[in-house]
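Undergrad: One structure, as structure tokens, below. Some questions next.
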Amino acid sequence: VGLPYFPAKRLKGLLYESGLEVSEMAGGRLIDKEKLDTLFQRGRGGVQQLVISNLYLENYDVLHADLLYLQKTCPSVFCPAYVLDQYASVRYQTAINAATGVAEENSLRNMRVLDAGLTFIGEIRILGGDKDCLQTLALAARNLSQCGGKRTRGFGWIACTLMQGGKDILFPLVEEALPRVGRKGGKV
């Protein structure tokens, strides 16, 4: 019906990449690479398994049902592309010749970007995990700040949180994990 969603596979890959960054930044003291690989099933078998669902817009079920109804009752008027246009914009760019400063021939490209302020919700479960696995996930989620294309050009800023029982557990888990390293400097 045109509603955007955040694929689970992409989120899992981004969280893994973010966990690797944290591991490298802290010299392996915050996140052990082997434990990270086990949790994300990257060439290592183990009891722990990270299960991530696709992330959908808040109130997705109601929106989806309403849009399905419109699609069935008004097919000549309703179009999924119109719905997507409510959540995303198209950005255009062209390559510039460095020597002449003029746009390159046939280099116009476009990409669809989601508008700022959207909230996506999904479920993440750790099967057979312990608190250390949860802290690893929290550190990776806290570090994750960008996704999608053009990350180095200011696109794709995101913020992640972990909720359990209606309570934000991300920051308490991160705070608990940091003393293991002997924190220096200001607050996180």
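Every chain in the structure tokens takes a letter, A first, then B, and so on in the order presented; its residues are numbered from 1, and the ligands are numbered from 1 following the presented order.
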Which residues come within 8 Å of A:Tyr87, counting only C-alpha atoms, excluding same-chain residues fewer than 6 positions away, as an mmCIF file with N, CA, C and O atoms, in the first residue's frame?

TA:
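Saved file part-v6.cif follows:
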```cif
data_model
loop_
_atom_site.group_PDB
_atom_site.id
_atom_site.type_symbol
_atom_site.label_atom_id
_atom_site.label_comp_id
_atom_site.auth_asym_id
_atom_site.auth_seq_id
_atom_site.Cartn_x
_atom_site.Cartn_y
_atom_site.Cartn_z
ATOM 1 N N LEU A 3 3.384 2.011 2.357
ATOM 2 C CA LEU A 3 3.985 2.372 3.643
ATOM 3 C C LEU A 3 5.440 1.892 3.696
ATOM 4 O O LEU A 3 5.731 0.748 3.384
ATOM 5 N N PRO A 4 6.358 2.764 4.118
ATOM 6 C CA PRO A 4 7.754 2.334 4.229
ATOM 7 C C PRO A 4 7.953 1.442 5.455
ATOM 8 O O PRO A 4 7.167 1.495 6.412
ATOM 9 N N LEU A 114 13.668 8.939 3.234
ATOM 10 C CA LEU A 114 12.570 9.084 4.183
ATOM 11 C C LEU A 114 12.661 10.436 4.866
ATOM 12 O O LEU A 114 13.750 10.929 5.156
ATOM 13 N N ASP A 115 11.527 11.029 5.120
ATOM 14 C CA ASP A 115 11.478 12.318 5.792
ATOM 15 C C ASP A 115 11.880 12.153 7.256
ATOM 16 O O ASP A 115 11.690 11.091 7.859
ATOM 17 N N LEU A 118 10.282 10.213 11.440
ATOM 18 C CA LEU A 118 9.509 8.969 11.431
ATOM 19 C C LEU A 118 10.013 8.032 12.530
ATOM 20 O O LEU A 118 11.212 7.976 12.797
#
```

Undergrad: Taking the DSSP secondary structure from the backbone, can you list the residues of chain A that are strand (DSSP E or B), as a ChimeraX atom specification?

TA: /A:5-6,49-52,55-57,88-93,96,103,109-114,120-121,124-127,146,157,163-164,167-168

Undergrad: So that I have them on file, write out the residues from the current selection with N, CA and C atoms, as an mmCIF file, in the first residue's frame.

TA:
```
data_model
loop_
_atom_site.group_PDB
_atom_site.id
_atom_site.type_symbol
_atom_site.label_atom_id
_atom_site.label_comp_id
_atom_site.auth_asym_id
_atom_site.auth_seq_id
_atom_site.Cartn_x
_atom_site.Cartn_y
_atom_site.Cartn_z
ATOM 1 N N TYR A 5 8.975 0.609 5.420
ATOM 2 C CA TYR A 5 9.352 -0.202 6.574
ATOM 3 C C TYR A 5 10.869 -0.326 6.599
ATOM 4 N N PHE A 6 11.410 -0.786 7.711
ATOM 5 C CA PHE A 6 12.851 -0.944 7.881
ATOM 6 C C PHE A 6 13.130 -2.449 7.933
ATOM 7 N N GLN A 49 21.143 -16.462 20.108
ATOM 8 C CA GLN A 49 20.682 -16.143 18.772
ATOM 9 C C GLN A 49 19.886 -14.850 18.823
ATOM 10 N N LEU A 50 20.265 -13.905 17.974
ATOM 11 C CA LEU A 50 19.575 -12.631 17.874
ATOM 12 C C LEU A 50 18.493 -12.745 16.809
ATOM 13 N N VAL A 51 17.256 -12.451 17.197
ATOM 14 C CA VAL A 51 16.122 -12.531 16.275
ATOM 15 C C VAL A 51 15.524 -11.133 16.167
ATOM 16 N N ILE A 52 15.500 -10.596 14.945
ATOM 17 C CA ILE A 52 15.005 -9.245 14.714
ATOM 18 C C ILE A 52 13.864 -9.293 13.699
ATOM 19 N N LEU A 55 10.939 -3.575 11.055
ATOM 20 C CA LEU A 55 10.422 -2.445 11.812
ATOM 21 C C LEU A 55 9.381 -1.722 10.953
ATOM 22 N N TYR A 56 8.260 -1.389 11.574
ATOM 23 C CA TYR A 56 7.163 -0.722 10.876
ATOM 24 C C TYR A 56 6.832 0.589 11.559
ATOM 25 N N LEU A 57 6.158 1.477 10.840
ATOM 26 C CA LEU A 57 5.730 2.750 11.395
ATOM 27 C C LEU A 57 4.822 2.534 12.603
ATOM 28 N N ALA A 88 8.208 10.190 2.245
ATOM 29 C CA ALA A 88 9.533 10.258 1.634
ATOM 30 C C ALA A 88 9.589 11.366 0.586
ATOM 31 N N SER A 89 10.808 11.781 0.273
ATOM 32 C CA SER A 89 11.058 12.784 -0.759
ATOM 33 C C SER A 89 12.063 12.216 -1.742
ATOM 34 N N VAL A 90 12.131 12.822 -2.908
ATOM 35 C CA VAL A 90 13.116 12.417 -3.903
ATOM 36 C C VAL A 90 14.180 13.500 -3.982
ATOM 37 N N ARG A 91 15.429 13.081 -3.875
ATOM 38 C CA ARG A 91 16.569 14.003 -3.985
ATOM 39 C C ARG A 91 17.278 13.716 -5.300
ATOM 40 N N TYR A 92 17.683 14.786 -5.961
ATOM 41 C CA TYR A 92 18.372 14.660 -7.244
ATOM 42 C C TYR A 92 19.801 15.146 -7.093
ATOM 43 N N GLN A 93 20.701 14.531 -7.849
ATOM 44 C CA GLN A 93 22.095 14.979 -7.848
ATOM 45 C C GLN A 93 22.710 14.662 -9.198
ATOM 46 N N ILE A 96 29.660 16.447 -11.156
ATOM 47 C CA ILE A 96 30.289 17.664 -11.675
ATOM 48 C C ILE A 96 31.700 17.330 -12.127
ATOM 49 N N ALA A 103 28.265 20.218 -15.104
ATOM 50 C CA ALA A 103 27.612 18.923 -14.888
ATOM 51 C C ALA A 103 27.993 17.944 -15.990
ATOM 52 N N ARG A 109 21.032 11.672 -11.212
ATOM 53 C CA ARG A 109 20.574 10.504 -10.461
ATOM 54 C C ARG A 109 19.565 10.978 -9.417
ATOM 55 N N ASN A 110 18.688 10.078 -9.045
ATOM 56 C CA ASN A 110 17.756 10.412 -7.975
ATOM 57 C C ASN A 110 17.735 9.287 -6.953
ATOM 58 N N MET A 111 17.327 9.645 -5.743
ATOM 59 C CA MET A 111 17.164 8.644 -4.689
ATOM 60 C C MET A 111 16.027 9.096 -3.793
ATOM 61 N N ARG A 112 15.322 8.122 -3.288
ATOM 62 C CA ARG A 112 14.222 8.403 -2.375
ATOM 63 C C ARG A 112 14.769 8.342 -0.959
ATOM 64 N N VAL A 113 14.449 9.368 -0.178
ATOM 65 C CA VAL A 113 14.885 9.426 1.221
ATOM 66 C C VAL A 113 13.661 9.606 2.111
ATOM 67 N N LEU A 114 13.668 8.939 3.234
ATOM 68 C CA LEU A 114 12.570 9.084 4.183
ATOM 69 C C LEU A 114 12.661 10.436 4.866
ATOM 70 N N PHE A 120 10.014 4.038 13.704
ATOM 71 C CA PHE A 120 9.762 2.652 13.331
ATOM 72 C C PHE A 120 9.885 1.783 14.577
ATOM 73 N N ILE A 121 9.005 0.804 14.681
ATOM 74 C CA ILE A 121 8.963 -0.058 15.862
ATOM 75 C C ILE A 121 9.022 -1.514 15.413
ATOM 76 N N ILE A 124 13.020 -7.181 18.942
ATOM 77 C CA ILE A 124 14.334 -7.831 18.957
ATOM 78 C C ILE A 124 14.341 -8.774 20.147
ATOM 79 N N ARG A 125 14.701 -10.020 19.884
ATOM 80 C CA ARG A 125 14.793 -11.007 20.958
ATOM 81 C C ARG A 125 16.170 -11.650 20.934
ATOM 82 N N ILE A 126 16.664 -11.979 22.104
ATOM 83 C CA ILE A 126 17.910 -12.734 22.210
ATOM 84 C C ILE A 126 17.545 -14.076 22.825
ATOM 85 N N LEU A 127 17.610 -15.109 22.011
ATOM 86 C CA LEU A 127 17.309 -16.453 22.482
ATOM 87 C C LEU A 127 18.561 -17.055 23.114
ATOM 88 N N GLN A 146 23.691 6.141 11.945
ATOM 89 C CA GLN A 146 23.410 6.408 10.541
ATOM 90 C C GLN A 146 23.096 5.109 9.809
ATOM 91 N N TRP A 157 20.464 9.896 9.337
ATOM 92 C CA TRP A 157 20.641 9.980 10.782
ATOM 93 C C TRP A 157 19.505 9.251 11.480
ATOM 94 N N MET A 163 13.387 -0.922 24.350
ATOM 95 C CA MET A 163 12.316 -0.834 25.346
ATOM 96 C C MET A 163 11.972 -2.239 25.822
ATOM 97 N N GLN A 164 11.717 -2.344 27.108
ATOM 98 C CA GLN A 164 11.270 -3.617 27.685
ATOM 99 C C GLN A 164 10.215 -3.291 28.727
ATOM 100 N N LYS A 167 9.604 0.396 29.340
ATOM 101 C CA LYS A 167 10.684 1.154 29.976
ATOM 102 C C LYS A 167 11.920 1.122 29.082
ATOM 103 N N ASP A 168 12.584 2.282 28.949
ATOM 104 C CA ASP A 168 13.815 2.374 28.158
ATOM 105 C C ASP A 168 14.953 1.704 28.929
#
```

Undergrad: Find the spatial neighbours of stretch 140-143 of chain A, counting only C-alpha atoms, within a cut-off of 6 Å - ignore same-chain residues fewer than 2 positions away - and output them as number ranges by chain.

TA: A: 15, 18-19, 137-138, 160

Undergrad: Any chance you could export the current selection's C-alpha atoms as a compact mmCIF listing (two decimals), in the first residue's frame?

TA:
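Listing of selection_17.txt after writing:
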```
# COMPACT_ATOMS: atom_id res chain seq x y z
CA LEU A 15 23.89 -3.37 14.47
CA SER A 18 28.13 -0.84 14.90
CA GLY A 19 29.15 -3.53 17.41
CA LEU A 137 23.26 -5.25 21.84
CA ALA A 138 22.75 -2.04 23.84
CA CYS A 160 17.90 3.68 18.47
```

Undergrad: To one decimal in Å, tell me the separation between atom CA of A:Tyr82 and atom CA of A:Lys9.

TA: 26.4 Å

Undergrad: Which residue is closest to A:Leu11? Choose from A:Gly129, A:Gly122, A:Gly28, A:Gly149 and count only C-alpha atoms.

TA: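 Nearest candidate to A:Leu11 out of A:Gly129, A:Gly122, A:Gly28, A:Gly149: A:Gly122.
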
Undergrad: Distance table requested - stretch 10-106 of chain A against stretch 171-175 of chain A, cut-off 12 Å, only C-alpha atoms: one row per qualifying residue with the closest atom pair and its distance in Å to one decimal, ordered by chain and rising residue number, as CSV.

TA:
```
residue,atom,partner,partner_atom,distance
A:Val22,CA,A:Val174,CA,11.7
A:Leu30,CA,A:Val174,CA,9.9
A:Ile31,CA,A:Val174,CA,11.5
```

Undergrad: When you look at stretch 70-73 of chain A with a cut-off of 8 Å (counting only C-alpha atoms), what residues show up, excluding the ones that are within fewer than 5 positions of it in the same chain? I need them as a PyMOL selection string.

TA: chain A and resi 1+78-79

Undergrad: Smallest atom-to-atom distance to A:Leu178: which of A:His64, A:Lys35, A:Arg29, A:Arg153, using only C-alpha atoms?

TA: A:Arg29

Undergrad: Using DSSP assignments from the backbone, pull out every residue in chain A that falls under alpha helix (DSSP H) and give it to me as a compact mmCIF listing (two decimals) with C-alpha atoms, in the first residue's frame.

TA:
```
# COMPACT_ATOMS: atom_id res chain seq x y z
CA ALA A 8 15.20 -6.69 9.71
CA LYS A 9 18.17 -7.97 7.72
CA ARG A 10 19.44 -4.43 7.16
CA LEU A 11 19.03 -3.51 10.84
CA LYS A 12 20.85 -6.67 11.93
CA GLY A 13 23.74 -5.87 9.59
CA LEU A 14 23.91 -2.26 10.82
CA LEU A 15 23.89 -3.37 14.47
CA TYR A 16 26.66 -5.88 13.78
CA GLU A 17 28.75 -3.23 12.01
CA SER A 18 28.13 -0.84 14.90
CA GLY A 19 29.15 -3.53 17.41
CA LEU A 20 32.40 -4.04 15.49
CA GLU A 21 33.08 -0.31 15.70
CA VAL A 22 32.55 -0.32 19.46
CA SER A 23 34.82 -3.34 19.80
CA GLU A 24 37.56 -1.68 17.77
CA MET A 25 37.22 1.70 19.51
CA LYS A 33 34.54 -9.87 18.86
CA GLU A 34 34.00 -13.61 19.31
CA LYS A 35 30.91 -13.01 21.48
CA LEU A 36 29.64 -10.49 18.94
CA ASP A 37 30.12 -12.98 16.08
CA THR A 38 28.30 -15.66 18.09
CA LEU A 39 25.37 -13.38 18.95
CA TYR A 60 1.12 0.40 11.20
CA ASP A 61 -1.76 -2.07 11.61
CA VAL A 62 -4.40 0.69 11.60
CA LEU A 63 -2.72 2.58 8.74
CA HIS A 64 -2.33 -0.58 6.67
CA ALA A 65 -5.97 -1.63 7.16
CA ASP A 66 -7.26 1.84 6.26
CA LEU A 67 -5.06 2.04 3.17
CA LEU A 68 -6.10 -1.44 2.04
CA TYR A 69 -9.71 -0.35 2.32
CA LEU A 70 -9.04 2.74 0.20
CA GLN A 71 -7.14 0.68 -2.34
CA LYS A 72 -10.09 -1.69 -2.74
CA THR A 73 -12.87 0.90 -2.73
CA PRO A 80 0.57 3.40 -3.21
CA ALA A 81 3.02 5.95 -4.66
CA TYR A 82 0.87 8.76 -3.21
CA VAL A 83 1.16 7.18 0.23
CA LEU A 84 4.93 6.82 -0.07
CA ASP A 85 5.16 10.49 -1.09
CA GLN A 86 3.72 11.38 2.35
CA TYR A 87 6.69 9.73 4.07
CA LYS A 131 22.87 -9.93 30.39
CA ASP A 132 26.26 -9.72 28.64
CA CYS A 133 24.51 -10.34 25.30
CA LEU A 134 21.95 -7.66 26.14
CA GLN A 135 24.72 -5.19 27.00
CA THR A 136 26.48 -6.00 23.71
CA LEU A 137 23.26 -5.25 21.84
CA ALA A 138 22.75 -2.04 23.84
CA LEU A 139 26.27 -0.79 23.08
CA ALA A 140 25.81 -1.53 19.38
CA ALA A 141 22.39 0.20 19.34
CA ARG A 142 23.74 3.24 21.21
CA ASN A 143 26.61 3.61 18.74
CA LEU A 170 19.25 1.18 26.58
CA PHE A 171 21.00 3.76 28.74
CA PRO A 172 21.03 1.74 31.98
CA LEU A 173 22.62 -1.18 30.10
CA VAL A 174 25.21 1.09 28.47
CA GLU A 175 26.01 2.78 31.78
CA GLU A 176 26.44 -0.61 33.43
CA ALA A 177 28.77 -1.82 30.66
```
